[in-house]
Structure formats: C-alpha cells, structure tokens
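K.L.:
The structure's right below; bear with me while I get my questions together.
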There are 2 protein chains.
Amino acid sequence: MNIGELARAAATKVETIRYYERIGLLPAPPRTAGNYREYCATHLMRLIFTRRGRDLGFSIEQIRALLDLANQKNRSCKAVAVIAREHLAEVKRKLADLTAMQQELETIIGQCRNDTVADCRILEALAQKEGQA
Amino acid sequence: MNIGELARAAATKVETIRYYERIGLLPAPPRTAGNYREYCATHLMRLIFTRRGRDLGFSIEQIRALLDLANQKNRSCKAVAVIAREHLAEVKRKLADLTAMQQELETIIGQCRNDTVADCRILEALAQKEGQA
DNA sequence: CTTGACCCTGTAGCAACTACAGAGTTTATA
DNA sequence: TATAAACTCTGTAGTTGCTACAGGGTCAAG
C-alpha cells in the first residue's frame with residue numbers, strides 16, 4: 001500500500017500522513033526501490049485510530065498517549081479513561097463558551113434596526129466592555 | 001497613555017497590542033522622546049472594540065472589516081449585520097460539532113468497564129471508523 | 001547612582017496541518 | 001518506445017492569534 005492508497009483508506013491527506021510520520025505519531029514504513037513508502041495494515045489501523053481521535057477533538061499529544069497505552073495490553077485501562085474524561089471536560093468548557101457567544105451574538109443581532117452605521121446597535125454593542133448593556 | 005496603561009485599560013497584554021499594530025489593526029501611535037508609544041482615547045476605544053470582538057469569537061479579519069465599516073458613519077449598517085450573522089452561523093456550526101463530540105465521548109466513556117487495555121471499550125471505539133458501532 | 005520597573009525591536013515558538021517548489025518514479029497510452 | 005499523466009519524494013514556508021523570549025534602552029524613586 002503506498003501513501004496515496006493509505007490516504008484514501010483513512011480519509012486523510014497525503015501531506016497529513018507525512019506530517020504524522022515527521023512528528024513520530026506514525027512509524028516510518030519501509031521504502032520500495034524507488035523510495036516510495038510501503039505501508040501495511042498496522043499502519044492503516046494506527047492512522048484510522050489517529051483520525052478518529054482527531055475527529056473527536058483529542059489533541060495529538062493525547063492520541064500519542066492513547067496509542068502508547070493501547071500497546072500495553074494487560075494494563076488496566078484507567079489511564080485511558082482519565083484522558084477521555086479530561087477531554088470531555090474540555091469539550092464541555094468549549095461548549096459553554098460557544099453557547100455564551102451564541103446568546104450574546106443573537107441578542108446583539110436582534111437589536112439591529114438596519115440604521116445607518118452611526119446608530120448601529122451591533123457596533124455599539126461591540127464598543128462596550130463585556131457585559132455592559 | 002503608554003502601552004502598559006493601555007494594556008491595563010483594555011485588559012490586554014502589551015505584546016498583543018504591539019502585535020495588533022504590526023498587523024495594521026491598531027494604528028501606530030506617535031512616540032515620545034524616549035521612543036515610547038503614546039496612546040490616546042481613540043486607540044483605547046479601538047482596542048476595546050477589538051478585544052470585545054475577539055471575545056465574541058470574530059476573526060481578526062472580520063474585526064478589521066467591522067472597524068472599517070464603523071468609520072463610514074452614514075452608510076447603512078447592513079454589511080455589519082451580514083458579518084455578524086455569518087459569524088453566528090459559524091458559531092452554530094461549531095456548537096453542533098462540539099455537541100456531537102460530547103455525545104460520542106459520553107457514549108464511549110460510558111461503556112468503559114475498567115478492564116485491561118486489551119478489552120478497553122474506549123480504545124475499541126477509537127479504532128473504528130466514524131459511526132461504526 | 002543604582003535599582004527596579006517599565007519600554008524597545010526582532011525573532012522564534014505554539015497546534016495541526018496545508019501548500020507549494022523542484023525533483024524523481026511509475027503507469028497508461030499512442 | 002516515447003512521452004505524458006499521475007503519482008511520489010524532500011524541504012520549506014504559510015496559516016491563526018497570539019505568546020515568550022533575548023538583548024538592549026528609558027525613566028522614576030530612594
């Protein structure tokens with residue numbers, strides 16, 4: 001399997017795969033006579049794991065840690081759960097932030113009367129410090 | 001007002017102010033004899049506007065556009081509303097993404113039985129392609 | 001007159017890619 | 001067999017929005 005085929009199989013860009021190799025997330029595969037990377041199913045599994053983790057919002061470092069843990073088969077998976085719960089907490093923090101933004105934006109936009117810029121409520125709202133009506 | 005005072009007044013870091021100047025978001029102020037930046041109330045207003053926009057999640061380029069519009073006092077503010085609504089739409093997209101992530105993470109974490117790594121449901125879930133149970 | 005708190009410029013770093021340039025390789029077709 | 005298209009290679013620079021130095025200069029207090 002060359003890099004293009006791997007990329008298609010994991011729904012990833014070729015450059016991203018090379019990037020993962022450069023940062024040590026995906027092991028460097030053997031090369032063909034023409035210096036092409038030659039991947040096997042193990043690489044594909046690792047890459048799918050990585051992409052899935054990224055889709056779920058885990059950082060590269062978290063994924064690195066998860067991949068390390070996944071290789072210690074008879075350890076307890078508590079450390080895995082810790083990473084997952086930490087990430088979930090972070091997701092919840094971001095959700096709270098975004099929800100607050102959404103509400104403020106809706107309030108501000110709702111006040112717009114399509115006046116001239118001089119009386120624009122949106123611009124007025126932006127000119128205030130946080131929370132000031 | 002020197003840069004440190006401006007920073008305190010707008011709850012911003014000094015380096016951030018210099019960064020905004022470098023990218024042309026905040027106009028370069030006059031300098032004192034000792035080459036210190038000398039700011040006035042106009043700068044403070046512009047910086048507060050910028051920080052407020054950033055807190056609401058607008059990009060630097062959107063803030064640049066909003067500041068430009070704010071200076072054309074007798075134009076209609078429709079263009080302002082367009083930018084705000086576009087940003088709100090983006091916020092909603094991100095909220096949807098994060099909400100999906102949150103749900104998936106909670107499902108995955110809920111399946112954890114604190115087994116060994118070899119049977120870890122979290123790691124299993126990460127090894128699947130998206131949506132596969 | 002020196003200590004400390006500030007300010008200056010310029011550059012490099014962060015995350016996680018993405019996008020080239022300029023070269024070599026493989027494969028399909030004429 | 002030639003050649004063109006489609007791939008691959010390395011290396012480097014760009015993206016966003018800052019943040020963090022290093023190595024200097026300035027200013028006010030004691």
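Naming works like this for the structure tokens: A, B, ... for the chains as they're shown, residue 1 at the start of each chain, ligands 1 onward in shown order.
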Report as a PDB file with N, CA, C and O atoms (P, O5', C5', C4', C3', O3' and C1' of nucleotides), in the first residue's frame all protein, DNA and RNA residues lying within 9 Å of region 32-48 of chain B, evaluated on only C-alpha atoms (C1' of nucleotides), omitting residues in the same chain fewer than 6 positions from it.
P.N.:
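Contents of selection.pdb, freshly written:
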```pdb
ATOM      1  N   LEU A 126     -20.425  46.252  20.353  1.00  0.00           N
ATOM      2  CA  LEU A 126     -19.021  45.855  20.293  1.00  0.00           C
ATOM      3  C   LEU A 126     -18.115  46.880  20.958  1.00  0.00           C
ATOM      4  O   LEU A 126     -17.026  46.549  21.410  1.00  0.00           O
ATOM      5  N   ALA A 127     -18.577  48.119  21.010  1.00  0.00           N
ATOM      6  CA  ALA A 127     -17.744  49.165  21.597  1.00  0.00           C
ATOM      7  C   ALA A 127     -17.777  49.145  23.120  1.00  0.00           C
ATOM      8  O   ALA A 127     -16.969  49.808  23.768  1.00  0.00           O
ATOM      9  N   GLN A 128     -18.711  48.381  23.701  1.00  0.00           N
ATOM     10  CA  GLN A 128     -18.798  48.292  25.166  1.00  0.00           C
ATOM     11  C   GLN A 128     -17.856  47.227  25.669  1.00  0.00           C
ATOM     12  O   GLN A 128     -17.647  46.207  25.022  1.00  0.00           O
ATOM     13  N   LYS A 129     -17.404  47.419  26.897  1.00  0.00           N
ATOM     14  CA  LYS A 129     -16.703  46.311  27.547  1.00  0.00           C
ATOM     15  C   LYS A 129     -17.706  45.220  27.887  1.00  0.00           C
ATOM     16  O   LYS A 129     -18.906  45.466  28.004  1.00  0.00           O
TER      17      LYS A 129
ATOM     18  N   MET B   1      -0.898  58.285  27.531  1.00  0.00           N
ATOM     19  CA  MET B   1      -1.067  56.890  27.952  1.00  0.00           C
ATOM     20  C   MET B   1      -0.007  56.031  27.263  1.00  0.00           C
ATOM     21  O   MET B   1       0.055  56.012  26.035  1.00  0.00           O
ATOM     22  N   ASN B   2       0.821  55.339  28.030  1.00  0.00           N
ATOM     23  CA  ASN B   2       1.802  54.460  27.394  1.00  0.00           C
ATOM     24  C   ASN B   2       1.218  53.052  27.219  1.00  0.00           C
ATOM     25  O   ASN B   2       0.085  52.787  27.624  1.00  0.00           O
ATOM     26  N   ILE B   3       2.005  52.168  26.646  1.00  0.00           N
ATOM     27  CA  ILE B   3       1.452  50.878  26.246  1.00  0.00           C
ATOM     28  C   ILE B   3       0.986  50.036  27.431  1.00  0.00           C
ATOM     29  O   ILE B   3      -0.007  49.304  27.333  1.00  0.00           O
ATOM     30  N   LEU B   6      -2.371  51.409  28.541  1.00  0.00           N
ATOM     31  CA  LEU B   6      -3.390  50.992  27.561  1.00  0.00           C
ATOM     32  C   LEU B   6      -3.756  49.524  27.763  1.00  0.00           C
ATOM     33  O   LEU B   6      -4.936  49.155  27.740  1.00  0.00           O
ATOM     34  N   ALA B   7      -2.743  48.712  27.974  1.00  0.00           N
ATOM     35  CA  ALA B   7      -2.970  47.275  28.169  1.00  0.00           C
ATOM     36  C   ALA B   7      -3.879  47.041  29.370  1.00  0.00           C
ATOM     37  O   ALA B   7      -4.842  46.268  29.289  1.00  0.00           O
ATOM     38  N   ALA B   9      -5.981  49.150  30.717  1.00  0.00           N
ATOM     39  CA  ALA B   9      -7.309  49.724  30.471  1.00  0.00           C
ATOM     40  C   ALA B   9      -8.166  48.827  29.575  1.00  0.00           C
ATOM     41  O   ALA B   9      -9.395  48.847  29.650  1.00  0.00           O
ATOM     42  N   ALA B  10      -7.517  48.049  28.719  1.00  0.00           N
ATOM     43  CA  ALA B  10      -8.289  47.214  27.795  1.00  0.00           C
ATOM     44  C   ALA B  10      -8.176  45.730  28.152  1.00  0.00           C
ATOM     45  O   ALA B  10      -8.641  44.877  27.390  1.00  0.00           O
ATOM     46  N   ALA B  11      -7.567  45.427  29.294  1.00  0.00           N
ATOM     47  CA  ALA B  11      -7.408  44.038  29.722  1.00  0.00           C
ATOM     48  C   ALA B  11      -6.737  43.206  28.622  1.00  0.00           C
ATOM     49  O   ALA B  11      -7.230  42.155  28.212  1.00  0.00           O
ATOM     50  N   THR B  12      -5.626  43.710  28.143  1.00  0.00           N
ATOM     51  CA  THR B  12      -4.899  43.098  27.032  1.00  0.00           C
ATOM     52  C   THR B  12      -3.434  43.009  27.431  1.00  0.00           C
ATOM     53  O   THR B  12      -2.994  43.746  28.301  1.00  0.00           O
ATOM     54  N   ILE B  17      -0.906  44.110  21.980  1.00  0.00           N
ATOM     55  CA  ILE B  17      -1.086  45.441  21.391  1.00  0.00           C
ATOM     56  C   ILE B  17      -0.048  45.677  20.292  1.00  0.00           C
ATOM     57  O   ILE B  17      -0.376  46.130  19.195  1.00  0.00           O
ATOM     58  N   TYR B  20      -1.065  43.749  17.296  1.00  0.00           N
ATOM     59  CA  TYR B  20      -2.154  44.387  16.545  1.00  0.00           C
ATOM     60  C   TYR B  20      -1.615  45.547  15.703  1.00  0.00           C
ATOM     61  O   TYR B  20      -2.091  45.792  14.594  1.00  0.00           O
ATOM     62  N   LEU B  25      -3.934  46.493  12.641  1.00  0.00           N
ATOM     63  CA  LEU B  25      -5.279  46.552  13.201  1.00  0.00           C
ATOM     64  C   LEU B  25      -5.429  47.778  14.088  1.00  0.00           C
ATOM     65  O   LEU B  25      -6.495  48.395  14.142  1.00  0.00           O
ATOM     66  N   LEU B  26      -4.367  48.120  14.767  1.00  0.00           N
ATOM     67  CA  LEU B  26      -4.341  49.300  15.630  1.00  0.00           C
ATOM     68  C   LEU B  26      -3.324  50.258  15.014  1.00  0.00           C
ATOM     69  O   LEU B  26      -2.198  49.858  14.743  1.00  0.00           O
ATOM     70  N   LEU B  67     -14.339  47.413  11.823  1.00  0.00           N
ATOM     71  CA  LEU B  67     -13.743  48.718  12.155  1.00  0.00           C
ATOM     72  C   LEU B  67     -13.786  49.650  10.951  1.00  0.00           C
ATOM     73  O   LEU B  67     -14.053  50.850  11.093  1.00  0.00           O
TER      74      LEU B  67
ATOM     75  P    DC C   7       5.092  49.745  29.838  1.00  0.00           P
ATOM     76  O5'  DC C   7       6.268  50.024  28.807  1.00  0.00           O
ATOM     77  C5'  DC C   7       6.484  51.330  28.292  1.00  0.00           C
ATOM     78  C4'  DC C   7       7.710  51.310  27.412  1.00  0.00           C
ATOM     79  C3'  DC C   7       7.561  50.477  26.144  1.00  0.00           C
ATOM     80  O3'  DC C   7       7.223  51.297  25.043  1.00  0.00           O
ATOM     81  C1'  DC C   7       9.676  50.142  27.216  1.00  0.00           C
ATOM     82  P    DC C   8       6.959  50.640  23.642  1.00  0.00           P
ATOM     83  O5'  DC C   8       8.440  50.281  23.146  1.00  0.00           O
ATOM     84  C5'  DC C   8       9.270  51.319  22.626  1.00  0.00           C
ATOM     85  C4'  DC C   8      10.539  50.726  22.042  1.00  0.00           C
ATOM     86  C3'  DC C   8      10.304  49.655  20.995  1.00  0.00           C
ATOM     87  O3'  DC C   8      10.125  50.252  19.738  1.00  0.00           O
ATOM     88  C1'  DC C   8      12.009  48.991  22.519  1.00  0.00           C
TER      89       DC C   8
ATOM     90  P    DG D  25      21.916  49.959  24.548  1.00  0.00           P
ATOM     91  O5'  DG D  25      20.498  50.668  24.776  1.00  0.00           O
ATOM     92  C5'  DG D  25      19.774  51.145  23.640  1.00  0.00           C
ATOM     93  C4'  DG D  25      18.468  51.743  24.125  1.00  0.00           C
ATOM     94  C3'  DG D  25      18.629  52.982  25.026  1.00  0.00           C
ATOM     95  O3'  DG D  25      17.704  53.975  24.587  1.00  0.00           O
ATOM     96  C1'  DG D  25      17.280  51.363  26.087  1.00  0.00           C
ATOM     97  P    DT D  26      17.705  55.390  25.353  1.00  0.00           P
ATOM     98  O5'  DT D  26      16.526  55.173  26.417  1.00  0.00           O
ATOM     99  C5'  DT D  26      15.193  55.054  25.956  1.00  0.00           C
ATOM    100  C4'  DT D  26      14.240  55.257  27.116  1.00  0.00           C
ATOM    101  C3'  DT D  26      14.457  56.521  27.928  1.00  0.00           C
ATOM    102  O3'  DT D  26      13.170  57.051  28.172  1.00  0.00           O
ATOM    103  C1'  DT D  26      14.445  54.667  29.352  1.00  0.00           C
TER     104       DT D  26
END
```
K.L.:
Compute the set of chain D residues within 9 Å of chain A, using only C-alpha atoms (C1' of nucleotides), and express it as a ChimeraX atom specification.
P.N.:
/D:7-9
K.L.:
I need the chosen residues saved as a tab-separated table (two decimals), in the first residue's frame, with N, CA and C atoms (P, O5', C5', C4', C3', O3' and C1' of nucleotides).
P.N.:
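Result file is result35.tsv:
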```tsv
chain	number	residue	atom	x	y	z
D	7	DC	P	-3.38	10.28	-9.31
D	7	DC	O5'	-2.06	10.32	-8.41
D	7	DC	C5'	-1.63	9.13	-7.85
D	7	DC	C4'	-0.13	8.99	-7.97
D	7	DC	C3'	0.64	9.34	-6.71
D	7	DC	O3'	0.55	8.30	-5.76
D	7	DC	C1'	1.86	9.79	-8.72
D	8	DT	P	0.77	8.62	-4.24
D	8	DT	O5'	2.34	8.88	-4.11
D	8	DT	C5'	3.27	7.81	-4.28
D	8	DT	C4'	4.67	8.37	-4.29
D	8	DT	C3'	5.04	9.17	-3.05
D	8	DT	O3'	5.73	8.36	-2.13
D	8	DT	C1'	5.83	10.20	-5.07
D	9	DC	P	6.25	9.00	-0.76
D	9	DC	O5'	7.51	9.88	-1.22
D	9	DC	C5'	8.75	9.24	-1.52
D	9	DC	C4'	9.82	10.29	-1.80
D	9	DC	C3'	10.00	11.29	-0.68
D	9	DC	O3'	10.89	10.80	0.29
D	9	DC	C1'	9.97	12.39	-2.79
```
K.L.:
Residues within 10 Å of Thr16 (chain A), please, as a VMD selection string. Count only C-alpha atoms (C1' of nucleotides); anything in the same chain fewer than 5 positions from it doesn't count.
P.N.:
(chain A and resid 7 21 to 22) or (chain C and resid 16 to 18)
K.L.:
Step one, run DSSP on the backbone; step two, keep only residues of chain A assigned to alpha helix (DSSP H); then write them as number ranges by chain.
P.N.:
A: 3-10, 14-22, 41-55, 60-70, 78-110, 121-127
K.L.:
Within 12 Å of DA30 (chain C), counting only C-alpha atoms (C1' of nucleotides), which residues show up once you throw out same-chain ones fewer than 4 positions away? Write them as a VMD selection string, please.
P.N.:
chain D and resid 1 to 4
K.L.:
Would you mind listing what lies within 12 Å of DT12 (chain D) as a ChimeraX atom specification, with only C-alpha atoms (C1' of nucleotides) counted and same-chain residues fewer than 5 positions away left out?
P.N.:
/C:19-22
K.L.:
Output all heavy atoms of each residue in that selection to a file, as a tab-separated table (two decimals), in the first residue's frame.
P.N.:
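Here's the written file again.tsv:
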```tsv
chain	number	residue	atom	x	y	z
C	19	DA	P	-4.35	23.15	1.02
C	19	DA	OP1	-5.47	23.98	0.54
C	19	DA	OP2	-4.30	21.71	0.73
C	19	DA	O5'	-3.00	23.83	0.54
C	19	DA	C5'	-2.62	25.10	1.04
C	19	DA	C4'	-1.32	25.50	0.36
C	19	DA	O4'	-0.20	24.96	1.09
C	19	DA	C3'	-1.19	24.96	-1.07
C	19	DA	O3'	-0.55	25.95	-1.86
C	19	DA	C2'	-0.30	23.74	-0.89
C	19	DA	C1'	0.63	24.25	0.21
C	19	DA	N9	1.32	23.21	0.97
C	19	DA	C8	0.81	22.01	1.38
C	19	DA	N7	1.66	21.28	2.06
C	19	DA	C5	2.80	22.06	2.10
C	19	DA	C6	4.07	21.86	2.68
C	19	DA	N6	4.40	20.76	3.36
C	19	DA	N1	4.99	22.83	2.52
C	19	DA	C2	4.65	23.93	1.84
C	19	DA	N3	3.49	24.23	1.26
C	19	DA	C4	2.60	23.24	1.43
C	20	DC	P	-0.76	25.98	-3.42
C	20	DC	OP1	-0.22	27.27	-3.94
C	20	DC	OP2	-2.16	25.64	-3.68
C	20	DC	O5'	0.17	24.77	-3.94
C	20	DC	C5'	1.24	24.96	-4.81
C	20	DC	C4'	2.42	25.65	-4.14
C	20	DC	O4'	2.58	25.13	-2.80
C	20	DC	C3'	3.72	25.39	-4.88
C	20	DC	O3'	4.09	26.55	-5.59
C	20	DC	C2'	4.73	25.05	-3.82
C	20	DC	C1'	3.95	24.86	-2.55
C	20	DC	N1	4.04	23.48	-1.97
C	20	DC	C2	5.21	23.08	-1.33
C	20	DC	O2	6.16	23.86	-1.26
C	20	DC	N3	5.28	21.84	-0.78
C	20	DC	C4	4.22	21.02	-0.86
C	20	DC	N4	4.34	19.82	-0.29
C	20	DC	C5	3.02	21.41	-1.53
C	20	DC	C6	2.97	22.63	-2.07
C	21	DA	P	4.69	26.48	-7.01
C	21	DA	OP1	4.34	27.77	-7.66
C	21	DA	OP2	4.27	25.20	-7.60
C	21	DA	O5'	6.27	26.44	-6.81
C	21	DA	C5'	6.90	27.01	-5.65
C	21	DA	C4'	8.31	26.46	-5.57
C	21	DA	O4'	8.31	25.29	-4.71
C	21	DA	C3'	8.87	26.01	-6.91
C	21	DA	O3'	10.27	26.28	-6.91
C	21	DA	C2'	8.59	24.51	-6.93
C	21	DA	C1'	8.74	24.15	-5.45
C	21	DA	N9	7.92	23.03	-4.99
C	21	DA	C8	6.59	22.79	-5.27
C	21	DA	N7	6.13	21.71	-4.69
C	21	DA	C5	7.21	21.20	-3.99
C	21	DA	C6	7.37	20.07	-3.18
C	21	DA	N6	6.38	19.21	-2.92
C	21	DA	N1	8.59	19.85	-2.65
C	21	DA	C2	9.57	20.71	-2.90
C	21	DA	N3	9.55	21.82	-3.65
C	21	DA	C4	8.32	22.00	-4.17
C	22	DG	P	11.05	26.39	-8.30
C	22	DG	OP1	12.04	27.46	-8.16
C	22	DG	OP2	10.06	26.40	-9.39
C	22	DG	O5'	11.83	25.00	-8.35
C	22	DG	C5'	12.66	24.61	-7.27
C	22	DG	C4'	12.96	23.14	-7.40
C	22	DG	O4'	11.87	22.36	-6.85
C	22	DG	C3'	13.13	22.66	-8.85
C	22	DG	O3'	14.21	21.74	-8.88
C	22	DG	C2'	11.81	21.96	-9.13
C	22	DG	C1'	11.58	21.33	-7.77
C	22	DG	N9	10.25	20.80	-7.52
C	22	DG	C8	9.04	21.18	-8.07
C	22	DG	N7	8.04	20.47	-7.64
C	22	DG	C5	8.60	19.56	-6.75
C	22	DG	C6	8.02	18.53	-5.98
C	22	DG	O6	6.84	18.21	-5.92
C	22	DG	N1	8.97	17.85	-5.23
C	22	DG	C2	10.31	18.12	-5.22
C	22	DG	N2	11.07	17.36	-4.44
C	22	DG	N3	10.88	19.09	-5.93
C	22	DG	C4	9.97	19.76	-6.67
```
K.L.:
Taking only C-alpha atoms into account, which of B:Glu61, B:Glu86, B:Glu106, B:Asp68 comes nearest chain A?
P.N.:
B:Glu106
